[in-house]
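start-v6.cif (mmCIF, C-alpha atoms)
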```
data_model
#
loop_
_atom_site.label_atom_id
_atom_site.label_comp_id
_atom_site.auth_asym_id
_atom_site.auth_seq_id
_atom_site.Cartn_x
_atom_site.Cartn_y
_atom_site.Cartn_z
CA MET A 653 -68.31 13.96 35.02
CA THR A 654 -71.91 15.08 35.56
CA GLY A 655 -74.94 12.87 35.12
CA GLY A 656 -75.92 14.72 31.96
CA GLN A 657 -72.48 14.20 30.41
CA ALA A 658 -72.53 10.49 31.31
CA GLU A 659 -75.99 10.08 29.78
CA ASP A 660 -74.89 11.85 26.60
CA LEU A 661 -71.79 9.66 26.28
CA ASP A 662 -73.80 6.49 26.90
CA ARG A 663 -76.23 7.58 24.20
CA LEU A 664 -73.39 8.48 21.84
CA TYR A 665 -71.59 5.15 22.20
CA GLY A 666 -74.89 3.28 21.96
CA VAL A 667 -75.69 4.31 18.38
CA ASP A 668 -74.41 2.70 15.21
CA PRO A 669 -70.93 4.05 14.31
CA ALA A 670 -72.38 5.46 11.07
CA GLU A 671 -74.58 7.78 13.18
CA PHE A 672 -71.86 8.68 15.68
CA THR A 673 -70.54 11.90 14.12
CA GLU A 674 -73.96 13.41 13.47
CA LEU A 675 -75.20 12.64 16.98
CA ARG A 676 -71.99 14.00 18.52
CA THR A 677 -72.53 17.31 16.71
CA GLN A 678 -76.09 17.46 18.02
CA LEU A 679 -75.07 16.64 21.60
CA VAL A 680 -72.27 19.24 21.56
CA ALA A 681 -74.71 21.87 20.35
CA ALA A 682 -77.24 20.87 23.02
CA ALA A 683 -74.58 21.03 25.77
CA LYS A 684 -73.53 24.51 24.64
CA LYS A 685 -77.16 25.64 24.54
CA ARG A 686 -77.71 24.61 28.16
CA GLY A 687 -74.47 26.33 29.19
CA ASP A 688 -72.46 23.17 29.82
CA THR A 689 -69.19 24.27 28.19
CA LYS A 690 -67.15 21.55 29.88
CA GLY A 691 -69.62 18.90 28.82
CA ALA A 692 -69.48 20.15 25.23
CA LYS A 693 -65.69 19.72 25.25
CA VAL A 694 -65.91 16.22 26.74
CA ILE A 695 -68.48 15.11 24.17
CA GLY A 696 -66.63 16.82 21.32
CA ALA A 697 -63.44 14.95 22.25
CA ALA A 698 -65.19 11.56 22.01
CA ARG A 699 -63.98 9.47 19.11
CA ARG A 700 -66.03 7.11 16.99
CA PRO A 701 -65.46 3.49 18.11
CA THR A 702 -63.67 1.00 15.91
CA ALA A 703 -65.59 -2.09 14.80
CA ALA A 704 -64.26 -4.23 17.67
CA ALA A 705 -64.94 -1.54 20.27
CA TRP A 706 -68.47 -1.14 18.91
CA VAL A 707 -69.11 -4.89 19.28
CA VAL A 708 -67.91 -4.89 22.92
CA ASN A 709 -69.93 -1.75 23.69
CA ALA A 710 -73.01 -3.41 22.18
CA LEU A 711 -72.30 -6.52 24.26
CA VAL A 712 -72.40 -4.77 27.65
CA ARG A 713 -75.64 -3.04 26.66
CA ALA A 714 -77.24 -6.30 25.53
CA ASP A 715 -76.02 -8.20 28.61
CA PRO A 716 -75.91 -5.96 31.73
CA THR A 717 -74.30 -8.84 33.68
CA ALA A 718 -71.27 -9.06 31.38
CA ARG A 719 -69.17 -6.49 33.25
CA ASP A 720 -69.83 -8.11 36.66
CA ARG A 721 -69.11 -11.61 35.31
CA LEU A 722 -65.79 -10.45 33.88
CA GLY A 723 -64.97 -8.81 37.22
CA GLU A 724 -65.77 -11.99 39.16
CA LEU A 725 -63.58 -14.01 36.81
CA SER A 726 -60.75 -11.51 37.27
CA SER A 727 -60.96 -11.84 41.06
CA ARG A 728 -60.98 -15.62 40.76
CA LEU A 729 -57.88 -15.64 38.55
CA ARG A 730 -56.03 -13.20 40.81
CA ALA A 731 -56.77 -15.30 43.87
CA ALA A 732 -55.60 -18.49 42.14
CA HIS A 733 -52.36 -16.86 40.96
CA ALA A 734 -51.69 -15.33 44.38
CA ALA A 735 -52.10 -18.73 46.01
CA MET A 736 -50.08 -20.46 43.24
CA ASP A 737 -53.01 -22.89 43.04
CA GLY A 738 -52.38 -24.90 39.86
CA ASN A 739 -55.81 -26.54 39.83
CA GLY A 740 -57.48 -23.20 40.58
CA ILE A 741 -55.60 -21.52 37.73
CA ARG A 742 -56.54 -24.25 35.27
CA GLU A 743 -60.20 -24.20 36.33
CA ALA A 744 -60.38 -20.39 36.18
CA SER A 745 -58.67 -20.37 32.78
CA ALA A 746 -61.19 -22.89 31.45
CA ALA A 747 -64.02 -20.76 32.87
CA GLN A 748 -62.50 -17.74 31.16
CA ARG A 749 -62.52 -19.48 27.77
CA ARG A 750 -66.16 -20.50 28.19
CA LEU A 751 -67.24 -17.04 29.31
CA LEU A 752 -65.39 -15.24 26.52
CA GLU A 753 -66.86 -17.58 23.89
CA GLU A 754 -70.35 -16.83 25.20
CA LEU A 755 -69.80 -13.06 25.40
CA VAL A 756 -68.24 -12.91 21.93
CA ARG A 757 -71.33 -14.60 20.46
CA THR A 758 -73.60 -12.22 22.35
CA GLY A 759 -71.58 -9.18 21.24
CA PHE A 760 -71.67 -10.04 17.54
CA ALA A 761 -75.38 -10.80 17.74
CA ALA A 762 -76.06 -7.48 19.50
CA ALA A 763 -73.99 -5.59 16.92
CA GLY A 764 -75.72 -7.38 14.04
CA VAL A 765 -72.47 -8.87 12.72
CA ALA A 766 -73.38 -12.25 11.26
CA HIS A 767 -70.04 -13.18 9.69
CA PRO A 768 -67.15 -11.45 11.51
CA THR A 769 -63.66 -11.67 10.07
CA ALA A 770 -60.94 -13.52 11.96
CA ALA A 771 -59.19 -10.21 12.68
CA LEU A 772 -62.35 -8.65 14.11
CA ARG A 773 -63.04 -11.69 16.29
CA ASP A 774 -59.43 -11.63 17.52
CA ASP A 775 -59.76 -7.94 18.48
CA VAL A 776 -63.02 -8.56 20.35
CA VAL A 777 -61.56 -11.53 22.26
CA GLY A 778 -58.39 -9.54 23.02
CA THR A 779 -60.44 -6.64 24.37
CA LEU A 780 -62.42 -8.91 26.69
CA GLN A 781 -59.19 -10.54 27.89
CA ALA A 782 -57.81 -7.08 28.60
CA ALA A 783 -60.95 -6.29 30.62
CA VAL A 784 -60.30 -9.38 32.76
CA ALA A 785 -56.66 -8.40 33.36
CA ASP A 786 -57.05 -4.60 33.66
CA ALA A 787 -59.67 -2.91 35.84
CA ASP A 788 -59.30 0.34 33.87
CA VAL A 789 -60.37 -1.39 30.65
CA ALA A 790 -63.28 -3.05 32.49
CA ALA A 791 -64.43 0.36 33.76
CA ARG A 792 -64.54 1.75 30.21
CA LEU A 793 -66.66 -1.08 28.77
CA GLY A 794 -69.62 0.48 27.00
CA ARG A 795 -67.67 3.58 25.95
CA LEU A 796 -64.61 2.01 24.33
CA GLU A 797 -63.13 3.90 21.38
CA LYS A 798 -60.80 1.17 20.14
CA ALA A 799 -59.85 -2.44 20.71
CA GLU A 800 -57.66 -3.20 23.73
CA ARG A 801 -54.96 -5.83 24.03
CA TRP A 802 -53.57 -7.51 27.12
CA SER A 803 -49.77 -7.42 26.77
CA GLY A 804 -49.30 -10.62 28.72
CA PHE A 805 -47.27 -8.91 31.42
CA GLY A 806 -48.17 -7.85 34.91
CA GLU A 807 -50.13 -9.79 37.50
CA PHE A 808 -51.28 -12.45 35.05
CA GLY A 809 -48.17 -12.29 32.90
CA THR A 810 -46.27 -15.17 34.44
CA VAL A 811 -48.09 -18.38 35.23
CA THR A 812 -46.40 -20.29 37.97
CA ALA A 813 -46.00 -23.94 37.04
CA VAL A 814 -47.48 -26.13 39.73
CA GLY A 815 -46.68 -29.82 39.38
CA PRO A 816 -47.49 -32.90 41.40
CA THR A 817 -46.19 -33.26 44.91
CA PRO A 818 -42.67 -34.72 44.77
CA ALA A 819 -42.46 -38.35 45.79
CA ARG A 820 -40.75 -39.19 49.03
CA THR A 821 -37.08 -39.89 48.69
CA GLN A 822 -36.43 -43.56 49.18
CA LYS A 823 -33.85 -44.63 51.69
CA ALA A 824 -30.54 -45.61 50.18
CA PRO A 825 -29.71 -49.29 50.30
CA LYS A 826 -27.40 -50.40 53.04
CA ASN A 827 -24.64 -51.41 50.60
CA PRO A 828 -24.89 -49.01 47.63
CA ASP A 829 -22.74 -49.24 44.59
CA ARG A 830 -21.28 -45.76 44.87
CA GLY A 831 -19.62 -45.76 41.44
CA ALA A 832 -22.82 -46.73 39.59
CA GLU A 833 -24.82 -44.24 41.64
CA VAL A 834 -22.45 -41.38 40.77
CA ALA A 835 -22.47 -42.32 37.07
CA GLU A 836 -26.28 -42.40 37.01
CA ALA A 837 -26.46 -39.03 38.75
CA LYS A 838 -24.06 -37.51 36.23
CA GLU A 839 -26.10 -38.90 33.35
CA ARG A 840 -29.28 -37.43 34.80
CA ARG A 841 -27.52 -34.10 35.25
CA SER A 842 -26.33 -34.18 31.64
CA ARG A 843 -29.83 -34.93 30.34
CA ALA A 844 -31.33 -32.22 32.52
CA ALA A 845 -28.76 -29.68 31.32
CA ALA A 846 -29.51 -30.54 27.69
CA GLU A 847 -33.24 -30.25 28.29
CA LEU A 848 -32.75 -26.92 30.06
CA GLU A 849 -30.67 -25.58 27.17
CA ALA A 850 -33.29 -26.67 24.62
CA ALA A 851 -36.10 -25.19 26.72
CA GLU A 852 -34.28 -21.88 27.14
CA SER A 853 -33.59 -21.74 23.40
CA ALA A 854 -37.27 -22.39 22.64
CA ARG A 855 -38.30 -19.80 25.21
CA ASP A 856 -35.99 -17.15 23.72
CA ALA A 857 -37.33 -17.87 20.24
CA ALA A 858 -40.90 -17.65 21.49
CA VAL A 859 -40.22 -14.35 23.30
CA GLU A 860 -38.64 -12.92 20.16
CA GLU A 861 -41.60 -14.06 18.06
CA VAL A 862 -44.05 -12.48 20.52
CA SER A 863 -42.04 -9.25 20.50
CA GLN A 864 -42.04 -9.09 16.71
CA ARG A 865 -45.73 -9.91 16.45
CA THR A 866 -46.56 -7.33 19.12
CA ALA A 867 -44.56 -4.64 17.29
CA THR A 868 -46.24 -5.52 13.98
CA LEU A 869 -49.67 -5.39 15.59
CA ALA A 870 -48.91 -2.06 17.28
CA THR A 871 -47.76 -0.56 13.96
CA ALA A 872 -50.86 -1.78 12.16
CA ARG A 873 -53.12 -0.48 14.92
CA ARG A 874 -51.47 2.96 14.85
CA ARG A 875 -51.99 3.15 11.09
CA TYR A 876 -55.59 2.11 11.49
CA GLU A 877 -56.23 4.67 14.24
CA LYS A 878 -54.63 7.42 12.14
CA LEU A 879 -56.91 6.53 9.25
CA LEU A 880 -59.91 6.72 11.58
CA GLU A 881 -58.76 10.11 12.87
CA SER A 882 -58.34 11.35 9.29
CA LEU A 883 -61.81 10.11 8.41
CA ASP A 884 -63.25 11.79 11.48
CA ALA A 885 -61.54 15.08 10.60
CA ALA A 886 -62.81 14.82 7.02
CA GLU A 887 -66.35 14.27 8.25
CA GLN A 888 -66.10 17.32 10.50
CA ALA A 889 -64.76 19.39 7.59
CA LEU A 890 -67.65 18.16 5.44
CA GLU A 891 -70.14 19.17 8.12
CA ALA A 892 -68.56 22.63 8.34
CA ALA A 893 -68.65 22.97 4.54
CA ASP A 894 -72.33 21.98 4.49
CA GLU A 895 -73.12 24.62 7.10
CA ALA A 896 -71.15 27.25 5.15
CA LEU A 897 -73.00 26.31 1.95
CA GLU A 898 -76.37 26.63 3.67
CA SER A 899 -75.38 30.05 5.03
CA ALA A 900 -74.16 31.22 1.60
CA THR A 901 -77.37 29.94 -0.02
CA ARG A 902 -79.49 31.90 2.46
CA THR A 903 -77.40 35.03 1.84
CA ALA A 904 -77.76 34.64 -1.93
CA ALA A 905 -81.53 34.30 -1.57
CA ASP A 906 -81.67 37.49 0.54
CA VAL A 907 -79.59 39.39 -2.02
CA ALA A 908 -81.82 38.14 -4.86
CA GLU A 909 -84.88 39.49 -3.02
CA ARG A 910 -83.16 42.85 -2.59
CA VAL A 911 -82.30 42.95 -6.31
CA THR A 912 -85.93 42.21 -7.23
CA ALA A 913 -87.20 44.91 -4.89
CA ALA A 914 -84.69 47.45 -6.24
CA ALA A 915 -85.64 46.62 -9.83
CA THR A 916 -89.33 47.08 -9.02
CA ALA A 917 -88.58 50.43 -7.35
CA LEU A 918 -86.55 51.53 -10.40
CA ASP A 919 -89.37 50.63 -12.76
CA GLY A 920 -91.77 52.67 -10.67
CA ALA A 921 -89.43 55.66 -10.56
CA GLU A 922 -88.94 55.59 -14.34
CA ALA A 923 -92.72 55.46 -14.89
CA ASP A 924 -93.15 58.48 -12.60
CA CYS A 925 -90.48 60.39 -14.53
CA GLN A 926 -92.14 59.65 -17.85
CA ARG A 927 -95.53 60.69 -16.51
CA LEU A 928 -94.21 63.93 -15.13
CA ALA A 929 -92.36 64.68 -18.35
CA ALA A 930 -95.53 64.13 -20.41
CA SER A 931 -97.55 66.33 -18.06
CA THR A 932 -95.02 69.13 -18.43
CA ASP A 933 -95.10 68.96 -22.23
CA ASN A 934 -98.89 69.11 -22.32
CA SER A 935 -99.03 72.15 -20.08
CA SER A 936 -96.64 74.01 -22.37
#
```
Show how you would write the structure in this file as structure tokens.
Amino acid sequence: MTGGQAEDLDRLYGVDPAEFTELRTQLVAAAKKRGDTKGAKVIGAARRPTAAAWVVNALVRADPTARDRLGELSSRLRAAHAAMDGNGIREASAAQRRLLEELVRTGFAAAGVAHPTAALRDDVVGTLQAAVADADVAARLGRLEKAERWSGFGEFGTVTAVGPTPARTQKAPKNPDRGAEVAEAKERRSRAAAELEAAESARDAAVEEVSQRTATLATARRRYEKLLESLDAAEQALEAADEALESATRTAADVAERVTAAATALDGAEADCQRLAASTDNSS
């Protein structure tokens, strides 16, 4: 991508979404005029950002440090997970919550959204979480077309549970009661098995719930994106119709001028005929 294309895209994604389509048309025309055919295609393929994407794009323009701070947090989380450092993971997770809360406030203020809906806030938070987990999303901050969502899988998908250091095993007494010891061990095993079964059942239910919620969200997002695409196509058709109307109006005005000129010429020719006819009669 050339510097001119990048500047045009930054300008395009920096305007209010209501001005996006008009500016895109202007930038495409300007790119074609300067002979940048490839740039015209790139700009023409840009899609108007959704509300959540617009808030995040406004955020990174209002706070130039946001992208770097998200990147630093991502590195910190990766290092903690790689080292299976429980304290490090908890501290980084707490830092993530604080940073996202701050950036969300900044983004809504920059976008001029005083009372965001819960769904919009959720999409903005989800997009910032995705930027922490996915370097590709982080690289596109400022030119996002739609909200992003971290699936919960991948490098940060499974949090390793890190508990306290196991206590040292005490030495067995010199004269143990073997029968009581075996019975106690069996009881502990039974309790542990029951707890494991309950935990696995709860885990399976939670996984199923997440799967269903994810599918529902994906369906809703696809419908929303299709509606946006339809709206975008309708706006382009409206622009084309406006241009065609202007062209037809100019043509009609030109034809009207020709009709007026022809009528004037006809009037003059008829006057000449009458004058000549009268002159001929008089000479006879």
Suppose a student applies the PyMOL selection byres ((chain A and resi 719) around 10) to this structure; what residues should they get, written as a list of chain:residue names? A:Leu711, A:Val712, A:Arg713, A:Asp715, A:Pro716, A:Thr717, A:Ala718, A:Asp720, A:Arg721, A:Leu722, A:Gly723, A:Glu724, A:Leu780, A:Ala783, A:Val784, A:Ala790, A:Ala791, A:Arg792, A:Leu793, A:Gly794
Store the residues of this selection in a file with C-alpha atoms, as an mmCIF file, in the coordinates of the input.
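Saved result, out_37.cif, follows:
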```cif
data_model
loop_
_atom_site.group_PDB
_atom_site.id
_atom_site.type_symbol
_atom_site.label_atom_id
_atom_site.label_comp_id
_atom_site.auth_asym_id
_atom_site.auth_seq_id
_atom_site.Cartn_x
_atom_site.Cartn_y
_atom_site.Cartn_z
ATOM 1 C CA LEU A 711 -72.300 -6.520 24.260
ATOM 2 C CA VAL A 712 -72.400 -4.770 27.650
ATOM 3 C CA ARG A 713 -75.640 -3.040 26.660
ATOM 4 C CA ASP A 715 -76.020 -8.200 28.610
ATOM 5 C CA PRO A 716 -75.910 -5.960 31.730
ATOM 6 C CA THR A 717 -74.300 -8.840 33.680
ATOM 7 C CA ALA A 718 -71.270 -9.060 31.380
ATOM 8 C CA ASP A 720 -69.830 -8.110 36.660
ATOM 9 C CA ARG A 721 -69.110 -11.610 35.310
ATOM 10 C CA LEU A 722 -65.790 -10.450 33.880
ATOM 11 C CA GLY A 723 -64.970 -8.810 37.220
ATOM 12 C CA GLU A 724 -65.770 -11.990 39.160
ATOM 13 C CA LEU A 780 -62.420 -8.910 26.690
ATOM 14 C CA ALA A 783 -60.950 -6.290 30.620
ATOM 15 C CA VAL A 784 -60.300 -9.380 32.760
ATOM 16 C CA ALA A 790 -63.280 -3.050 32.490
ATOM 17 C CA ALA A 791 -64.430 0.360 33.760
ATOM 18 C CA ARG A 792 -64.540 1.750 30.210
ATOM 19 C CA LEU A 793 -66.660 -1.080 28.770
ATOM 20 C CA GLY A 794 -69.620 0.480 27.000
#
```
Spatial neighbours of Ala710 (chain A), 8 Å, only C-alpha atoms, chain gap at least 2 places, as a PyMOL selection string: chain A and resi 666+706-708+712-714+759+762-763+794
List the spatial neighbours of region 687-691 of chain A as a list in words - criterion: any atom at most 12 Å away, all atoms listed in the file, same-chain residues fewer than 3 positions off excluded.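 What passes the distance filter is Met653, Thr654, Gly655, Gly656, Gln657, Ala658, Glu659, Asp660, Leu661, Arg676, Leu679, Val680, Ala681, Ala682, Ala683, Lys684, Val694, Ile695, Gly696, Ala697 and Ala698 of chain A.
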Work out how far apart CA of Glu754 (chain A) and CA of Thr702 (chain A) are and give it in Å to one decimal.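 Spanning CA of Glu754 (chain A) to CA of Thr702 (chain A) is a straight-line distance of 21.2 Å.
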I'd like the interatomic distance between CA of Thr903 (chain A) and CA of Gly920 (chain A), to a tenth of an Å. 26.0 Å
So how many Å separate CA of Leu675 (chain A) and CA of Leu883 (chain A), to one decimal?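 Pair CA of Leu675 (chain A) / CA of Leu883 (chain A) returns 16.1 Å.
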For Arg728 (chain A), the nearest of the candidates A:Gln781, A:Thr916, A:Asn709, A:Gln748, counting all atoms listed in the file: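 With all atoms listed in the file as the atom set, the closest residue is A:Gln748.
Using all atoms listed in the file for every distance, the candidate list A:Arg699, A:Ser935, A:Ser745, A:Lys693 yields A:Arg699 as the residue closest to Arg795 (chain A).
For the choices A:Arg700, A:Arg757, A:Arg927, A:His767, the atom-to-atom distance to Glu881 (chain A) is smallest for A:Arg700 when using all atoms listed in the file.
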List, as a PyMOL selection string, every residue that the PyMOL selection byres ((chain A and resi 887-891) around 12) selects in the file provided. chain A and resi 670-674+676-678+696+699-700+880-886+892-898
Excluding Val776 (chain A) and residues on its chain fewer than 6 positions from it, collect all residues at most 7 Å away from it, counting only C-alpha atoms, and give them as a tab-separated table (two decimals) with C-alpha atoms, in the frame of the given file.
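Just written: selection-v9.tsv:
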```tsv
chain	number	residue	atom	x	y	z
A	704	ALA	CA	-64.26	-4.23	17.67
A	708	VAL	CA	-67.91	-4.89	22.92
A	756	VAL	CA	-68.24	-12.91	21.93
A	799	ALA	CA	-59.85	-2.44	20.71
```
I would like the residues chosen by the PyMOL selection byres ((chain A and resi 801) around 6) on the shown file; could you give them as a PyMOL selection string? chain A and resi 778-779+782+800+802
Around region 879-898 of chain A, with edges along x, y and z and 4 Å added on all six sides, what centre and edge lengths do you get, in Å to one decimal, as AutoDock Vina command-line options?
```
--center_x -66.6 --center_y 16.9 --center_z 7.4 --size_x 27.5 --size_y 28.7 --size_z 18.9
```
Would you please work out which residue, of A:Arg902, A:Arg730, A:Arg875, A:Arg855, is nearest to Ala787 (chain A) when using all atoms listed in the file? A:Arg730
